[in-house]
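Engineer: Below is the file protein27.cif, with mmCIF, C-alpha atoms.
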```
data_query
#
loop_
_atom_site.label_atom_id
_atom_site.label_comp_id
_atom_site.auth_asym_id
_atom_site.auth_seq_id
_atom_site.Cartn_x
_atom_site.Cartn_y
_atom_site.Cartn_z
CA MET A 10 3.99 6.74 67.25
CA THR A 11 4.91 8.12 70.61
CA GLN A 12 3.99 5.08 72.60
CA THR A 13 6.50 5.69 75.35
CA ALA A 14 5.50 9.30 75.62
CA GLN A 15 1.86 8.39 75.82
CA GLU A 16 2.47 5.85 78.53
CA THR A 17 4.16 8.44 80.70
CA ALA A 18 1.74 11.21 79.89
CA ARG A 19 -0.65 12.64 82.39
CA THR A 20 -4.06 14.13 81.88
CA THR A 21 -4.37 17.80 82.66
CA SER A 22 -7.74 17.30 84.31
CA ALA A 23 -6.69 14.70 86.83
CA ALA A 24 -4.09 15.47 89.44
CA PRO A 25 -1.61 12.64 89.90
CA SER A 26 -1.48 11.06 93.31
CA THR A 27 2.29 11.13 93.68
CA PRO A 28 3.64 14.34 92.19
CA THR A 29 7.31 13.59 92.42
CA PRO A 30 9.94 14.27 89.80
CA ALA A 31 10.54 11.16 87.75
CA ARG A 32 14.07 10.33 86.67
CA ASN A 33 14.06 7.26 84.53
CA GLY A 34 14.61 6.97 80.83
CA SER A 35 12.82 9.65 78.88
CA THR A 36 12.67 12.69 81.10
CA ASP A 37 11.08 15.43 79.08
CA LEU A 38 7.86 16.92 80.35
CA THR A 39 4.91 15.30 78.62
CA VAL A 40 1.37 16.57 79.06
CA ARG A 41 -1.65 14.94 77.50
CA SER A 42 -4.46 17.29 76.68
CA ALA A 43 -7.69 17.52 74.76
CA SER A 44 -8.30 20.67 72.81
CA PRO A 45 -11.70 22.34 72.85
CA ASN A 46 -12.48 20.89 69.41
CA GLY A 47 -11.94 17.36 70.69
CA VAL A 48 -8.53 16.74 69.13
CA GLY A 49 -6.34 15.02 71.65
CA GLY A 50 -2.62 14.64 71.75
CA THR A 51 0.40 15.10 73.93
CA THR A 52 2.63 18.08 74.45
CA LYS A 53 6.25 17.24 75.03
CA ILE A 54 8.59 19.91 76.33
CA ASP A 55 12.28 19.16 76.04
CA ASP A 56 14.39 19.46 79.18
CA SER A 57 16.63 21.95 77.38
CA VAL A 58 13.59 24.21 76.98
CA VAL A 59 12.93 24.10 80.72
CA ALA A 60 16.63 24.77 81.42
CA ARG A 61 16.63 27.72 79.07
CA ILE A 62 13.57 29.27 80.68
CA VAL A 63 15.20 28.81 84.08
CA GLY A 64 18.40 30.47 82.85
CA LEU A 65 16.50 33.43 81.43
CA ALA A 66 14.45 33.80 84.61
CA ALA A 67 17.56 33.76 86.79
CA ARG A 68 19.33 36.35 84.66
CA GLU A 69 16.36 38.69 84.93
CA VAL A 70 17.01 39.13 88.65
CA ALA A 71 19.05 42.17 89.60
CA GLY A 72 22.24 41.12 91.32
CA VAL A 73 22.82 38.07 89.14
CA HIS A 74 25.88 38.88 87.07
CA ASP A 75 26.27 35.60 85.24
CA MET A 76 25.78 31.87 85.41
CA THR A 77 28.69 29.47 85.60
CA SER A 78 29.08 26.01 84.19
CA THR A 79 29.30 23.18 86.64
CA GLY A 80 30.83 19.83 85.94
CA LEU A 81 32.64 18.50 82.91
CA ALA A 82 29.54 17.89 80.84
CA GLN A 83 28.41 21.47 81.26
CA ALA A 84 31.88 22.77 80.50
CA PHE A 85 32.04 20.81 77.27
CA GLY A 86 28.47 21.79 76.51
CA GLY A 87 29.50 25.41 76.85
CA LEU A 88 32.45 24.81 74.55
CA THR A 89 30.28 23.29 71.85
CA ASN A 90 27.79 26.12 72.22
CA ARG A 91 30.57 28.64 71.70
CA VAL A 92 31.78 26.79 68.63
CA THR A 93 28.30 26.47 67.16
CA GLY A 94 27.43 30.07 68.03
CA GLN A 95 24.50 29.18 70.26
CA ASP A 96 23.88 31.31 73.29
CA GLN A 97 24.42 29.91 76.75
CA MET A 98 21.17 30.73 78.45
CA ASP A 99 21.11 27.33 80.09
CA LYS A 100 24.70 27.56 81.31
CA GLY A 101 24.93 26.63 84.98
CA VAL A 102 21.44 25.18 85.02
CA VAL A 103 20.57 21.56 85.75
CA VAL A 104 16.92 20.58 85.81
CA GLN A 105 15.15 17.42 86.86
CA VAL A 106 11.73 17.45 85.30
CA GLY A 107 8.89 15.24 86.47
CA ASP A 108 5.29 15.00 85.39
CA VAL A 109 4.10 17.99 87.35
CA GLU A 110 7.06 19.52 89.10
CA CYS A 111 10.74 20.05 88.75
CA ILE A 112 13.91 20.54 90.72
CA VAL A 113 16.39 23.17 89.61
CA ASP A 114 20.08 23.44 90.44
CA LEU A 115 21.76 26.73 89.60
CA SER A 116 25.29 28.00 89.76
CA ILE A 117 25.55 31.78 89.67
CA VAL A 118 27.92 34.71 89.95
CA VAL A 119 26.50 37.47 92.12
CA ASP A 120 27.34 41.15 91.88
CA TYR A 121 29.45 42.32 94.80
CA GLU A 122 27.37 44.31 97.31
CA ALA A 123 24.14 42.51 96.37
CA SER A 124 22.44 40.69 99.22
CA ILE A 125 22.87 37.03 98.41
CA PRO A 126 19.83 35.81 100.42
CA ARG A 127 17.60 38.40 98.77
CA VAL A 128 18.95 37.64 95.31
CA ALA A 129 18.45 33.92 95.93
CA GLU A 130 14.89 34.47 97.10
CA ALA A 131 14.11 36.65 94.09
CA ILE A 132 15.58 33.98 91.78
CA ARG A 133 13.39 31.31 93.37
CA ARG A 134 10.27 33.43 93.00
CA ASN A 135 11.01 34.39 89.40
CA ILE A 136 11.84 30.85 88.30
CA ALA A 137 8.69 29.46 89.92
CA SER A 138 6.62 32.18 88.29
CA ARG A 139 8.12 31.79 84.81
CA LEU A 140 8.05 28.01 84.81
CA GLY A 141 4.49 27.96 86.07
CA ALA A 142 3.33 30.42 83.43
CA MET A 143 5.20 28.92 80.52
CA THR A 144 5.19 25.20 81.16
CA GLY A 145 2.64 24.58 83.91
CA LEU A 146 5.36 22.99 86.02
CA GLU A 147 5.47 23.53 89.75
CA THR A 148 8.91 24.30 91.09
CA LYS A 149 9.66 21.99 93.97
CA GLU A 150 13.19 23.14 94.76
CA VAL A 151 15.63 25.72 93.48
CA ASN A 152 19.08 24.92 94.78
CA ILE A 153 21.45 27.82 94.27
CA ASN A 154 25.21 27.64 94.34
CA VAL A 155 26.91 31.02 94.48
CA ALA A 156 30.13 30.17 92.70
CA ASP A 157 31.72 33.61 92.58
CA LEU A 158 31.34 37.33 93.18
CA TYR A 159 31.64 39.89 90.44
CA PHE A 160 33.45 43.13 91.22
CA ALA A 161 32.73 46.03 88.96
CA ASP A 162 35.75 48.25 88.24
CA ASN A 163 34.81 50.84 90.84
CA ALA A 164 34.10 48.17 93.42
CA LYS A 165 37.53 46.66 92.79
CA GLY A 166 38.99 50.05 93.56
CA GLN A 167 37.14 50.18 96.85
CA VAL A 168 38.22 46.74 97.92
CA ALA A 169 41.93 47.22 97.28
CA PRO A 170 42.57 50.96 97.15
CA GLN A 171 46.12 50.79 98.47
CA HIS A 172 47.60 48.19 96.18
CA GLU A 173 49.90 50.77 94.59
CA GLN A 174 51.41 51.78 97.89
CA PRO A 175 54.25 49.66 99.22
CA ALA A 176 53.55 47.75 102.41
CA VAL A 177 56.73 49.05 103.99
CA ARG A 178 58.60 52.27 103.48
CA MET B 12 4.66 1.92 41.94
CA VAL B 13 3.14 5.17 43.03
CA SER B 14 1.29 4.82 46.26
CA ARG B 15 -1.67 7.06 46.82
CA SER B 16 -1.21 7.06 50.60
CA ASP B 17 2.35 8.37 50.20
CA ARG B 18 1.08 11.35 48.27
CA GLU B 19 -1.57 11.92 50.87
CA ASP B 20 0.85 11.74 53.75
CA ILE B 21 3.16 14.35 52.30
CA ASP B 22 0.20 16.59 51.53
CA LEU B 23 -1.09 16.22 55.04
CA ALA B 24 2.34 16.91 56.49
CA ARG B 25 2.70 20.00 54.35
CA ALA B 26 -0.70 21.30 55.41
CA ALA B 27 0.11 20.61 59.06
CA LEU B 28 3.45 22.41 58.70
CA VAL B 29 1.87 25.52 57.19
CA ALA B 30 -0.84 25.55 59.86
CA ALA B 31 1.64 25.17 62.70
CA ARG B 32 3.93 27.86 61.33
CA GLY B 33 1.01 30.26 61.20
CA VAL B 34 0.30 30.04 64.91
CA PRO B 35 1.52 33.12 66.79
CA GLY B 36 4.32 32.08 69.13
CA VAL B 37 5.74 29.41 66.83
CA ALA B 38 9.24 30.61 65.98
CA GLY B 39 10.16 27.76 63.71
CA ILE B 40 9.99 24.08 62.97
CA SER B 41 12.50 21.64 64.39
CA ARG B 42 13.72 18.43 62.86
CA GLY B 43 13.58 16.75 66.23
CA ARG B 44 16.33 15.79 68.60
CA TYR B 45 17.93 13.30 66.25
CA ALA B 46 16.66 14.93 63.08
CA ILE B 47 14.23 12.09 62.53
CA ALA B 48 11.03 14.10 62.50
CA ARG B 49 10.25 14.05 58.83
CA THR B 50 7.59 12.81 56.45
CA PHE B 51 8.92 11.32 53.26
CA GLY B 52 7.16 11.61 49.97
CA LEU B 53 7.94 10.44 46.49
CA GLY B 54 10.72 11.82 44.34
CA GLY B 55 12.94 12.70 47.27
CA ILE B 56 10.48 15.19 48.67
CA SER B 57 10.14 15.38 52.42
CA VAL B 58 8.62 17.65 55.01
CA GLU B 59 10.81 18.27 58.02
CA GLY B 60 9.40 18.60 61.50
CA VAL B 61 6.13 16.78 60.87
CA GLN B 62 5.35 13.09 61.02
CA VAL B 63 2.09 11.51 60.00
CA ALA B 64 1.12 8.10 61.34
CA HIS B 65 -1.89 5.94 60.62
CA GLU B 66 -2.60 4.28 63.95
CA PRO B 67 -5.46 1.83 64.61
CA GLU B 68 -7.35 4.56 66.44
CA GLY B 69 -6.97 6.99 63.54
CA LEU B 70 -4.62 9.49 62.00
CA GLN B 71 -2.04 11.01 64.31
CA VAL B 72 0.24 13.90 63.53
CA GLU B 73 3.43 14.83 65.32
CA VAL B 74 4.73 18.40 65.05
CA HIS B 75 8.20 19.37 66.29
CA LEU B 76 8.63 23.06 66.79
CA VAL B 77 10.70 25.90 68.18
CA SER B 78 8.70 28.24 70.34
CA SER B 79 8.99 31.88 71.26
CA LEU B 80 8.88 32.80 74.93
CA VAL B 81 5.16 32.28 75.39
CA PRO B 82 3.07 29.96 77.58
CA LEU B 83 3.95 26.63 76.02
CA LEU B 84 0.90 24.54 76.88
CA ALA B 85 -1.44 27.17 75.45
CA LEU B 86 0.76 27.36 72.37
CA ALA B 87 0.61 23.60 71.96
CA ASP B 88 -3.18 23.66 72.19
CA ALA B 89 -3.32 26.42 69.57
CA VAL B 90 -1.09 24.36 67.27
CA ARG B 91 -3.29 21.33 67.85
CA VAL B 92 -6.41 23.25 66.90
CA ALA B 93 -4.76 24.85 63.85
CA VAL B 94 -3.39 21.56 62.52
CA ALA B 95 -6.68 19.75 63.05
CA ALA B 96 -8.55 22.54 61.26
CA ALA B 97 -6.12 22.53 58.34
CA LEU B 98 -6.46 18.79 57.92
CA ALA B 99 -10.22 19.01 58.28
CA ASP B 100 -10.17 21.42 55.34
CA LEU B 101 -8.56 18.64 53.32
CA GLY B 102 -11.35 16.33 54.41
CA VAL B 103 -9.20 14.38 56.82
CA SER B 104 -10.11 13.76 60.44
CA VAL B 105 -7.22 13.61 62.87
CA THR B 106 -7.50 11.89 66.23
CA ALA B 107 -4.40 13.30 67.89
CA VAL B 108 -1.85 16.02 67.27
CA HIS B 109 1.28 15.55 69.33
CA VAL B 110 3.28 18.74 69.82
CA TRP B 111 6.95 18.51 70.73
CA ILE B 112 8.58 21.73 71.83
CA GLU B 113 12.24 21.13 71.12
CA ALA B 114 13.62 24.60 71.83
CA VAL B 115 12.70 28.10 72.80
CA CYS B 116 13.83 31.16 70.93
CA THR B 117 14.51 34.53 72.54
CA ALA B 118 14.26 37.92 70.88
CA ASP B 119 18.08 37.90 70.58
CA ASP B 120 17.94 34.62 68.66
CA ALA B 121 15.36 36.06 66.28
CA ARG B 122 17.55 39.13 65.69
CA LYS B 123 20.56 36.89 65.02
CA GLU B 124 18.56 34.87 62.51
CA THR B 125 17.53 37.94 60.58
CA THR B 126 21.02 39.43 60.44
CA GLU B 127 22.75 36.20 59.37
#
```
In C-alpha cells, how does this file's structure come out?
Structural biologist:
Amino acid sequence: MTQTAQETARTTSAAPSTPTPARNGSTDLTVRSASPNGVGGTTKIDDSVVARIVGLAAREVAGVHDMTSTGLAQAFGGLTNRVTGQDQMDKGVVVQVGDVECIVDLSIVVDYEASIPRVAEAIRRNIASRLGAMTGLETKEVNINVADLYFADNAKGQVAPQHEQPAVR
Amino acid sequence: MVSRSDREDIDLARAALVAARGVPGVAGISRGRYAIARTFGLGGISVEGVQVAHEPEGLQVEVHLVSSLVPLLALADAVRVAVAAALADLGVSVTAVHVWIEAVCTADDARKETTE
C-alpha cells in the first residue's frame, strides 16, 4: 500500500541518528507508530498542513499585519486560492519538512512601530511551540523576510503630516 | 460474478469511515491529494477517503482525513484505535491503520462550511 511511505517512516521510540530535513521525492512528514492496542501504522502529515499551521502561528503574533506571497509559484497559488475561495493561511510560507525537524521560510508585513526583532523572536517561539505540539516536529530554523511595513491610517498621518502644505510659498 | 471479498472491502471501508469520522478532532474525510483514496464496491458504490488493502502481513487500512487544529499525532493514534475497534466489531483483525492528514481546518473554515 504505502510502501514508499513505510520505507521513509521512522519509529517514534527510536531517535534517528541524523535528524536533518530530507528533501528528496516524497516530502511529507511520515511517522510510524504503534497504538496502545497493538495496531501499527503510519501517520502522514501533508506539507500543506505544516505550512498552514506555521501561517496561523505567525499571524497570532502581535505586530504581524499580514503575510506576503513570495515567488511566482506562491503568487499563482494565491490566485488559485482566491478563485477557489480557499483562505490563504499558508501564504508567504515555505516549509522543508524532514523526518523529525523542519525549516521554515516566512515573508511577512509588520505593523509600523512594532519592534521587528521582538516580533521575529515571538514568531520563532510561537511557530516552534505550535509545530511541536501539533505535529511533533522540531523547528530547526525560521527564516523571516520582512517584506513590507503596514501603516495604519493614523500612523500615515504622523509620517507625512505636511503633505497638504506646499513645499514653497 | 459477485465477489464476496469486494462486498467485505466496502463494508470494512464504510465501518472505518464511520469510526474515523466519530473521533473528536476529525473535521472531515479527504479524497487524497489526487482523489485516489477510495474503496470501490459493486454497483458503482464507493467509499471516499478510505482504502483497504490485503497485504501478506494482514489487512491494512488507509484513512485520509481533514483535521481540526488539534495535536495531529495524538489524533492519528485515536483514529487508529477507533478504526481497529470498529473492524474488530465486524470480526476482522487489522494489522495497520495508516492515517494521512491531508489538510487542517480552522474555526473559520467550519463556519464557512455551515453557512454555504
Engineer: At most 7 Å is the cut-off: for each residue in chain B with any atom that close to an atom of chain A, write down the nearest atom pair and the distance in Å rounded to one decimal, counting all atoms listed in the file, chain first then increasing number, as JSON lines.
Structural biologist:
```
{"residue": "B:Ala64", "atom": "CA", "partner": "A:Met10", "partner_atom": "CA", "distance": 6.7}
{"residue": "B:Val81", "atom": "CA", "partner": "A:Met143", "partner_atom": "CA", "distance": 6.1}
{"residue": "B:Pro82", "atom": "CA", "partner": "A:Met143", "partner_atom": "CA", "distance": 3.8}
{"residue": "B:Leu83", "atom": "CA", "partner": "A:Met143", "partner_atom": "CA", "distance": 5.2}
{"residue": "B:Leu84", "atom": "CA", "partner": "A:Thr144", "partner_atom": "CA", "distance": 6.1}
{"residue": "B:Ala87", "atom": "CA", "partner": "A:Thr52", "partner_atom": "CA", "distance": 6.4}
{"residue": "B:Asp88", "atom": "CA", "partner": "A:Ser44", "partner_atom": "CA", "distance": 6.0}
{"residue": "B:Val92", "atom": "CA", "partner": "A:Ser44", "partner_atom": "CA", "distance": 6.7}
{"residue": "B:Thr106", "atom": "CA", "partner": "A:Val48", "partner_atom": "CA", "distance": 5.7}
{"residue": "B:Ala107", "atom": "CA", "partner": "A:Gly50", "partner_atom": "CA", "distance": 4.5}
{"residue": "B:Val108", "atom": "CA", "partner": "A:Gly50", "partner_atom": "CA", "distance": 4.8}
{"residue": "B:His109", "atom": "CA", "partner": "A:Gly50", "partner_atom": "CA", "distance": 4.7}
{"residue": "B:Val110", "atom": "CA", "partner": "A:Thr52", "partner_atom": "CA", "distance": 4.7}
{"residue": "B:Trp111", "atom": "CA", "partner": "A:Lys53", "partner_atom": "CA", "distance": 4.5}
{"residue": "B:Ile112", "atom": "CA", "partner": "A:Ile54", "partner_atom": "CA", "distance": 4.9}
{"residue": "B:Glu113", "atom": "CA", "partner": "A:Asp55", "partner_atom": "CA", "distance": 5.3}
{"residue": "B:Ala114", "atom": "CA", "partner": "A:Val58", "partner_atom": "CA", "distance": 5.2}
{"residue": "B:Val115", "atom": "CA", "partner": "A:Val58", "partner_atom": "CA", "distance": 5.8}
```
Engineer: Given the point (10.0, 9.8, 52.0) in the coordinates of this file, which residues lie within 12 Å, counting only C-alpha atoms, and how would they look as a VMD selection string?
Structural biologist: chain B and resid 14 16 to 22 24 47 to 59 61 to 63
Engineer: Would you work out the distance separating CA of Glu110 in chain A from CA of Ala67 in chain A, expressed in Å to one decimal?
Structural biologist: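 Between CA of Glu110 in chain A and CA of Ala67 in chain A the gap works out to 17.8 Å.
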Engineer: What's the 10 Å shell around Val103 in chain A, counting all atoms listed in the file, without same-chain residues fewer than 3 positions away, as a ChimeraX atom specification?
Structural biologist: /A:56-57,59-61,63-64,78-79,83,99-100,106,112-116,152
Engineer: Could you check how far CA of Leu80 in chain B sits from CA of Ala66 in chain A, in Å to one decimal?
Structural biologist: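 So the answer is 11.2 Å.
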Engineer: Quick one: distance from CA of Arg25 in chain B to CA of Ala38 in chain B in Å, one decimal?
Structural biologist: 17.0 Å
Engineer: Using only C-alpha atoms, which of A:Val104, A:Ile125, A:Val177, A:Val119 sits nearest Glu150 in chain A?
Structural biologist: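 Looking only at the distances to Glu150 in chain A, the closest residue turns out to be A:Val104.
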Engineer: Using the chain letters and numbers from the file, give me the residues hit by the PyMOL selection byres ((chain B and resi 90) around 10), as a list of chain:residue names.
Structural biologist: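 Residues picked by the PyMOL selection byres ((chain B and resi 90) around 10): A:Ser44, B:Ala27, B:Leu28, B:Ala30, B:Ala31, B:Arg32, B:Gly33, B:Val34, B:Pro35, B:Gly36, B:Val37, B:Val74, B:Leu76, B:Leu84, B:Ala85, B:Leu86, B:Ala87, B:Asp88, B:Ala89, B:Arg91, B:Val92, B:Ala93, B:Val94, B:Ala95, B:Ala96, B:Val108, B:His109, B:Val110.
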Engineer: Selected by the PyMOL selection byres ((chain A and resi 123) around 10) in the shown coordinates: which residues, as an MDAnalysis selection string?
Structural biologist: chainID A and resid 71:73 119:122 124:128 158:159
Engineer: Store the residues of this selection in a file with C-alpha atoms, as a short mmCIF file (atom, residue, chain, number, x, y, z; two decimals), keeping the file's coordinate frame.
Structural biologist:
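File part30.cif, as written:
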```cif
data_model
loop_
_atom_site.label_atom_id
_atom_site.label_comp_id
_atom_site.auth_asym_id
_atom_site.auth_seq_id
_atom_site.Cartn_x
_atom_site.Cartn_y
_atom_site.Cartn_z
CA ALA A 71 19.05 42.17 89.60
CA GLY A 72 22.24 41.12 91.32
CA VAL A 73 22.82 38.07 89.14
CA VAL A 119 26.50 37.47 92.12
CA ASP A 120 27.34 41.15 91.88
CA TYR A 121 29.45 42.32 94.80
CA GLU A 122 27.37 44.31 97.31
CA SER A 124 22.44 40.69 99.22
CA ILE A 125 22.87 37.03 98.41
CA PRO A 126 19.83 35.81 100.42
CA ARG A 127 17.60 38.40 98.77
CA VAL A 128 18.95 37.64 95.31
CA LEU A 158 31.34 37.33 93.18
CA TYR A 159 31.64 39.89 90.44
#
```
Engineer: Between A:Arg178, A:Ala161, A:Glu130, A:Gln97, single out the one closest to Thr117 in chain B, counting only C-alpha atoms.
Structural biologist: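 Of all the options, A:Gln97 lies closest to Thr117 in chain B.
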Engineer: Edge lengths and centre in Å to one decimal, as JSON, is what I'm after for the box along x, y and z that holds all listed atoms of range 25-36 of chain B once 5 Å is added on each side.
Structural biologist:
```
{"center_x": 1.7, "center_y": 26.6, "center_z": 61.7, "size_x": 15.2, "size_y": 23.1, "size_z": 24.8}
```
